[in-house]
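> Would you mind keeping the following structure in view while I ask a few things?
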Amino acid sequence: MPATSAKPTIKILYGESDEQTLTTQSALMKKAGHHVTSAVGRRAIQDALRQDAFDLVILGSTLTKDDRHHLPYMVKKTHEGTKVLVMHAASRHHEVDAAIDAGTSMQLVLEKIARVMSEQIVSV
């Protein structure tokens with residue numbers, strides 16, 4: 001039987017306010033093998049959280065500071081075990097599992113996703 005090196009698929013909800021940024025970044029995440037649901041704006045993110053569960057929610061840098069502050073509470077309230085990664089977080093929010101600077105290369109974002117999710121797997 002041949003050995004497989006398939007990584008587990010991570011179910012991601014990725015939200016941005018800018019549709020072009022969302023389209024570009026989510027395509028790169030999908031190319032890396034993740035299942036990505038895209039949402040434009042706070043309301044769409046909230047709707048997606050009510051409709052489905054995700055392994056990871058990524059709140060992008062084009063969301064308002066207010067959205068990046070309040071949505072982590074909603075994520076944890078709706079799905080307690082879901083990890084939250086915020087792009088462009090100036091300070092550490094207690095409901096956020098990881099943060100990364102806006103403008104970081106997609107390769108580094110993908111590495112951060114892998115680290116955040118491996119922490120969850122180890123803690124199970």
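Lettering and numbering for the structure tokens are positional, with chains as A, B, ... in the shown order, residues counted from 1 in each chain, and ligands counted from 1 in the shown order.
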I want to know what sits within 9 Å of Met117 of chain A, based on only C-alpha atoms, with residues of the same chain fewer than 5 positions away left out; could you give that as a CSV table (one decimal) with C-alpha atoms, in the first residue's frame?

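Output saved as out.csv:
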chain,number,residue,atom,x,y,z
A,10,ILE,CA,-8.9,22.3,7.7
A,55,ASP,CA,-12.0,24.6,12.6
A,56,LEU,CA,-10.6,28.1,12.2
A,83,LYS,CA,-9.7,28.7,16.7
A,112,LYS,CA,0.6,30.2,11.1
A,122,VAL,CA,-2.0,18.4,20.6
> Please return, as a list in words, all residues of segment 28-82 of chain A that DSSP assigns to helix (DSSP H, G or I) on the basis of the backbone.
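Selection result, helix (DSSP H, G or I) within segment 28-82 of chain A: Leu28, Met29, Lys30, Lys31, Gly41, Arg42, Arg43, Ala44, Ile45, Gln46, Asp47, Ala48, Leu49, Arg50, Gln51, Lys65, Asp66, Asp67, Arg68, His69, His70, Leu71, Pro72, Tyr73, Met74, Val75, Lys76, Lys77 and Thr78 of chain A.
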> Keeping only N, CA, C and O atoms, write those residues as a compact mmCIF listing (two decimals), in the first residue's frame.

# COMPACT_ATOMS: atom_id res chain seq x y z
N LEU A 28 -5.64 31.26 -2.49
CA LEU A 28 -4.34 30.72 -2.09
C LEU A 28 -4.49 29.69 -0.97
O LEU A 28 -3.78 28.69 -0.94
N MET A 29 -5.43 29.92 -0.05
CA MET A 29 -5.67 28.95 1.02
C MET A 29 -6.25 27.66 0.45
O MET A 29 -5.87 26.56 0.87
N LYS A 30 -7.15 27.80 -0.52
CA LYS A 30 -7.73 26.61 -1.16
C LYS A 30 -6.65 25.83 -1.91
O LYS A 30 -6.62 24.60 -1.87
N LYS A 31 -5.77 26.56 -2.57
CA LYS A 31 -4.68 25.93 -3.32
C LYS A 31 -3.78 25.12 -2.37
O LYS A 31 -3.22 24.10 -2.75
N GLY A 41 -17.70 40.95 5.01
CA GLY A 41 -18.30 41.79 6.05
C GLY A 41 -18.78 41.03 7.27
O GLY A 41 -18.92 39.81 7.28
N ARG A 42 -19.03 41.81 8.30
CA ARG A 42 -19.41 41.28 9.61
C ARG A 42 -20.69 40.45 9.57
O ARG A 42 -20.76 39.35 10.12
N ARG A 43 -21.71 40.95 8.89
CA ARG A 43 -22.99 40.25 8.86
C ARG A 43 -22.86 38.88 8.18
O ARG A 43 -23.41 37.89 8.65
N ALA A 44 -22.11 38.83 7.09
CA ALA A 44 -21.92 37.55 6.40
C ALA A 44 -21.13 36.56 7.25
O ALA A 44 -21.40 35.36 7.22
N ILE A 45 -20.17 37.06 8.02
CA ILE A 45 -19.41 36.19 8.93
C ILE A 45 -20.35 35.63 10.00
O ILE A 45 -20.33 34.43 10.29
N GLN A 46 -21.17 36.49 10.57
CA GLN A 46 -22.12 36.05 11.60
C GLN A 46 -23.09 35.01 11.04
O GLN A 46 -23.37 34.00 11.69
N ASP A 47 -23.59 35.25 9.82
CA ASP A 47 -24.50 34.30 9.19
C ASP A 47 -23.83 32.95 8.97
O ASP A 47 -24.42 31.90 9.23
N ALA A 48 -22.59 32.97 8.49
CA ALA A 48 -21.85 31.72 8.25
C ALA A 48 -21.65 30.95 9.55
O ALA A 48 -21.76 29.71 9.56
N LEU A 49 -21.36 31.66 10.64
CA LEU A 49 -21.17 31.00 11.93
C LEU A 49 -22.46 30.34 12.42
O LEU A 49 -22.41 29.30 13.08
N ARG A 50 -23.59 30.94 12.11
CA ARG A 50 -24.87 30.35 12.52
C ARG A 50 -25.21 29.11 11.68
O ARG A 50 -25.91 28.23 12.15
N GLN A 51 -24.70 29.06 10.45
CA GLN A 51 -25.05 27.98 9.53
C GLN A 51 -24.13 26.78 9.61
O GLN A 51 -24.52 25.68 9.22
N LYS A 65 -11.57 47.64 12.81
CA LYS A 65 -10.99 47.30 14.12
C LYS A 65 -12.09 46.81 15.05
O LYS A 65 -11.90 45.87 15.81
N ASP A 66 -13.25 47.44 14.98
CA ASP A 66 -14.39 47.06 15.80
C ASP A 66 -14.82 45.62 15.50
O ASP A 66 -15.06 44.83 16.40
N ASP A 67 -14.89 45.27 14.20
CA ASP A 67 -15.25 43.90 13.82
C ASP A 67 -14.21 42.90 14.30
O ASP A 67 -14.55 41.84 14.83
N ARG A 68 -12.93 43.24 14.14
CA ARG A 68 -11.87 42.33 14.57
C ARG A 68 -11.85 42.18 16.10
O ARG A 68 -11.33 41.21 16.62
N HIS A 69 -12.43 43.14 16.81
CA HIS A 69 -12.51 43.06 18.26
C HIS A 69 -13.73 42.25 18.72
O HIS A 69 -13.62 41.43 19.63
N HIS A 70 -14.88 42.48 18.09
CA HIS A 70 -16.12 41.85 18.56
C HIS A 70 -16.38 40.46 17.98
O HIS A 70 -16.99 39.63 18.66
N LEU A 71 -15.95 40.20 16.76
CA LEU A 71 -16.24 38.90 16.16
C LEU A 71 -15.59 37.72 16.89
O LEU A 71 -16.21 36.65 16.95
N PRO A 72 -14.39 37.86 17.46
CA PRO A 72 -13.86 36.70 18.22
C PRO A 72 -14.79 36.24 19.34
O PRO A 72 -14.93 35.03 19.58
N TYR A 73 -15.47 37.18 20.02
CA TYR A 73 -16.44 36.80 21.04
C TYR A 73 -17.55 35.96 20.43
O TYR A 73 -17.96 34.94 20.98
N MET A 74 -18.06 36.40 19.28
CA MET A 74 -19.13 35.68 18.61
C MET A 74 -18.70 34.28 18.20
O MET A 74 -19.46 33.32 18.35
N VAL A 75 -17.48 34.17 17.68
CA VAL A 75 -16.97 32.86 17.26
C VAL A 75 -16.97 31.91 18.45
O VAL A 75 -17.50 30.79 18.39
N LYS A 76 -16.37 32.33 19.56
CA LYS A 76 -16.23 31.46 20.73
C LYS A 76 -17.59 31.16 21.37
O LYS A 76 -17.81 30.07 21.88
N LYS A 77 -18.51 32.13 21.32
CA LYS A 77 -19.84 31.92 21.89
C LYS A 77 -20.62 30.91 21.04
O LYS A 77 -21.33 30.07 21.57
N THR A 78 -20.47 30.99 19.73
CA THR A 78 -21.19 30.11 18.82
C THR A 78 -20.57 28.72 18.76
O THR A 78 -21.29 27.71 18.76
> Env of Gln25 of chain A: 9 Å cut, atoms = only C-alpha atoms, seq-sep filter 5 positions within chain, self excluded. Answer as a PyMOL selection string.
chain A and resi 14+20+30+106
> What lies within 7 Å of Gly15 of chain A using only C-alpha atoms, ignoring chain neighbours under 4 positions off, as a list in words?
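In the requested form, the answer reads Leu22, Ser38, Ala39, Val40, Gly41, Ile45, Ile58, Leu59 and Gly60 of chain A.
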> Mind checking which residues fall within 8 Å of Leu85 of chain A, counting only C-alpha atoms, ignoring those fewer than 3 positions away in the same chain, and posting them as a list in words?
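Residues near the query, excluding close chain neighbours: Leu56, Val57, Ile58, Leu59, Val96, Asp97, Ala98, Ala99, Ile100 and Ile113 of chain A.
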> Once you have the residues from the selection above, write them out as a PDB file, in the first residue's frame, restricted to all heavy atoms.

ATOM      1  N   LEU A  56     -11.340  26.797  12.063  1.00  0.00           N
ATOM      2  CA  LEU A  56     -10.605  28.054  12.203  1.00  0.00           C
ATOM      3  C   LEU A  56     -11.384  29.176  11.543  1.00  0.00           C
ATOM      4  O   LEU A  56     -11.912  29.002  10.447  1.00  0.00           O
ATOM      5  CB  LEU A  56      -9.228  27.923  11.529  1.00  0.00           C
ATOM      6  CG  LEU A  56      -8.336  29.156  11.487  1.00  0.00           C
ATOM      7  CD1 LEU A  56      -7.874  29.566  12.884  1.00  0.00           C
ATOM      8  CD2 LEU A  56      -7.126  28.901  10.588  1.00  0.00           C
ATOM      9  N   VAL A  57     -11.442  30.312  12.216  1.00  0.00           N
ATOM     10  CA  VAL A  57     -12.014  31.533  11.627  1.00  0.00           C
ATOM     11  C   VAL A  57     -10.883  32.538  11.499  1.00  0.00           C
ATOM     12  O   VAL A  57     -10.176  32.820  12.467  1.00  0.00           O
ATOM     13  CB  VAL A  57     -13.156  32.113  12.490  1.00  0.00           C
ATOM     14  CG1 VAL A  57     -13.636  33.449  11.932  1.00  0.00           C
ATOM     15  CG2 VAL A  57     -14.315  31.128  12.587  1.00  0.00           C
ATOM     16  N   ILE A  58     -10.697  33.055  10.278  1.00  0.00           N
ATOM     17  CA  ILE A  58      -9.682  34.074  10.025  1.00  0.00           C
ATOM     18  C   ILE A  58     -10.395  35.388   9.775  1.00  0.00           C
ATOM     19  O   ILE A  58     -11.244  35.485   8.885  1.00  0.00           O
ATOM     20  CB  ILE A  58      -8.799  33.712   8.818  1.00  0.00           C
ATOM     21  CG1 ILE A  58      -8.071  32.392   9.069  1.00  0.00           C
ATOM     22  CG2 ILE A  58      -7.807  34.841   8.534  1.00  0.00           C
ATOM     23  CD1 ILE A  58      -7.270  31.885   7.884  1.00  0.00           C
ATOM     24  N   LEU A  59     -10.054  36.387  10.585  1.00  0.00           N
ATOM     25  CA  LEU A  59     -10.615  37.727  10.443  1.00  0.00           C
ATOM     26  C   LEU A  59      -9.549  38.584   9.789  1.00  0.00           C
ATOM     27  O   LEU A  59      -8.509  38.852  10.376  1.00  0.00           O
ATOM     28  CB  LEU A  59     -11.031  38.276  11.808  1.00  0.00           C
ATOM     29  CG  LEU A  59     -12.027  37.390  12.570  1.00  0.00           C
ATOM     30  CD1 LEU A  59     -12.274  37.945  13.959  1.00  0.00           C
ATOM     31  CD2 LEU A  59     -13.335  37.265  11.791  1.00  0.00           C
ATOM     32  N   VAL A  96      -8.722  35.515  21.042  1.00  0.00           N
ATOM     33  CA  VAL A  96      -7.987  35.268  19.807  1.00  0.00           C
ATOM     34  C   VAL A  96      -6.875  34.269  20.084  1.00  0.00           C
ATOM     35  O   VAL A  96      -6.089  34.437  21.012  1.00  0.00           O
ATOM     36  CB  VAL A  96      -7.408  36.590  19.236  1.00  0.00           C
ATOM     37  CG1 VAL A  96      -6.493  36.328  18.060  1.00  0.00           C
ATOM     38  CG2 VAL A  96      -8.537  37.540  18.848  1.00  0.00           C
ATOM     39  N   ASP A  97      -6.815  33.218  19.270  1.00  0.00           N
ATOM     40  CA  ASP A  97      -5.805  32.179  19.457  1.00  0.00           C
ATOM     41  C   ASP A  97      -4.465  32.542  18.836  1.00  0.00           C
ATOM     42  O   ASP A  97      -3.423  32.084  19.274  1.00  0.00           O
ATOM     43  CB  ASP A  97      -6.310  30.856  18.869  1.00  0.00           C
ATOM     44  CG  ASP A  97      -7.550  30.384  19.605  1.00  0.00           C
ATOM     45  OD1 ASP A  97      -7.416  29.995  20.782  1.00  0.00           O
ATOM     46  OD2 ASP A  97      -8.648  30.439  19.030  1.00  0.00           O
ATOM     47  N   ALA A  98      -4.486  33.379  17.782  1.00  0.00           N
ATOM     48  CA  ALA A  98      -3.249  33.799  17.123  1.00  0.00           C
ATOM     49  C   ALA A  98      -3.515  35.067  16.329  1.00  0.00           C
ATOM     50  O   ALA A  98      -4.637  35.327  15.913  1.00  0.00           O
ATOM     51  CB  ALA A  98      -2.731  32.708  16.201  1.00  0.00           C
ATOM     52  N   ALA A  99      -2.467  35.846  16.131  1.00  0.00           N
ATOM     53  CA  ALA A  99      -2.560  37.064  15.335  1.00  0.00           C
ATOM     54  C   ALA A  99      -1.352  37.140  14.420  1.00  0.00           C
ATOM     55  O   ALA A  99      -0.299  36.574  14.718  1.00  0.00           O
ATOM     56  CB  ALA A  99      -2.610  38.291  16.242  1.00  0.00           C
ATOM     57  N   ILE A 100      -1.538  37.808  13.304  1.00  0.00           N
ATOM     58  CA  ILE A 100      -0.452  37.968  12.342  1.00  0.00           C
ATOM     59  C   ILE A 100      -0.597  39.333  11.696  1.00  0.00           C
ATOM     60  O   ILE A 100      -1.714  39.821  11.515  1.00  0.00           O
ATOM     61  CB  ILE A 100      -0.452  36.814  11.310  1.00  0.00           C
ATOM     62  CG1 ILE A 100       0.855  36.763  10.541  1.00  0.00           C
ATOM     63  CG2 ILE A 100      -1.645  36.884  10.392  1.00  0.00           C
ATOM     64  CD1 ILE A 100       1.102  35.438   9.841  1.00  0.00           C
ATOM     65  N   ILE A 113      -1.371  29.154  10.188  1.00  0.00           N
ATOM     66  CA  ILE A 113      -2.568  28.308  10.250  1.00  0.00           C
ATOM     67  C   ILE A 113      -2.178  26.907  10.719  1.00  0.00           C
ATOM     68  O   ILE A 113      -2.810  26.347  11.614  1.00  0.00           O
ATOM     69  CB  ILE A 113      -3.265  28.241   8.870  1.00  0.00           C
ATOM     70  CG1 ILE A 113      -3.915  29.587   8.536  1.00  0.00           C
ATOM     71  CG2 ILE A 113      -4.309  27.120   8.834  1.00  0.00           C
ATOM     72  CD1 ILE A 113      -4.403  29.700   7.102  1.00  0.00           C
TER      73      ILE A 113
END
> To one decimal in Å, tell me the separation between atom CA of His35 of chain A and atom CA of Lys11 of chain A.
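Distance reported for this atom pair: 4.9 Å.
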> Would you please extract all strand (DSSP E or B) residues from segment 8-107 of chain A, as assigned by DSSP on the backbone, and give them as a list in words?
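Output for segment 8-107 of chain A, strand (DSSP E or B) only: Lys11, Ile12, Leu13, Tyr14, Gly15, Glu16, His35, Val36, Thr37, Ser38, Ala39, Val40, Leu56, Val57, Ile58, Leu59, Lys83, Val84, Leu85, Val86, Met87, Ala98, Ala99 and Ile100 of chain A.
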> Report, in Å to a single decimal, how far apart atom CA of Thr62 of chain A and atom CA of Met87 of chain A are.
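Pair atom CA of Met87 of chain A / atom CA of Thr62 of chain A returns 8.8 Å.
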> Pick out the closest residue to Gly33 of chain A from this set: A:Leu13, A:Val116, A:Leu110, A:Val86. Count only C-alpha atoms.
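For Gly33 of chain A, the nearest of the given residues is A:Leu110.
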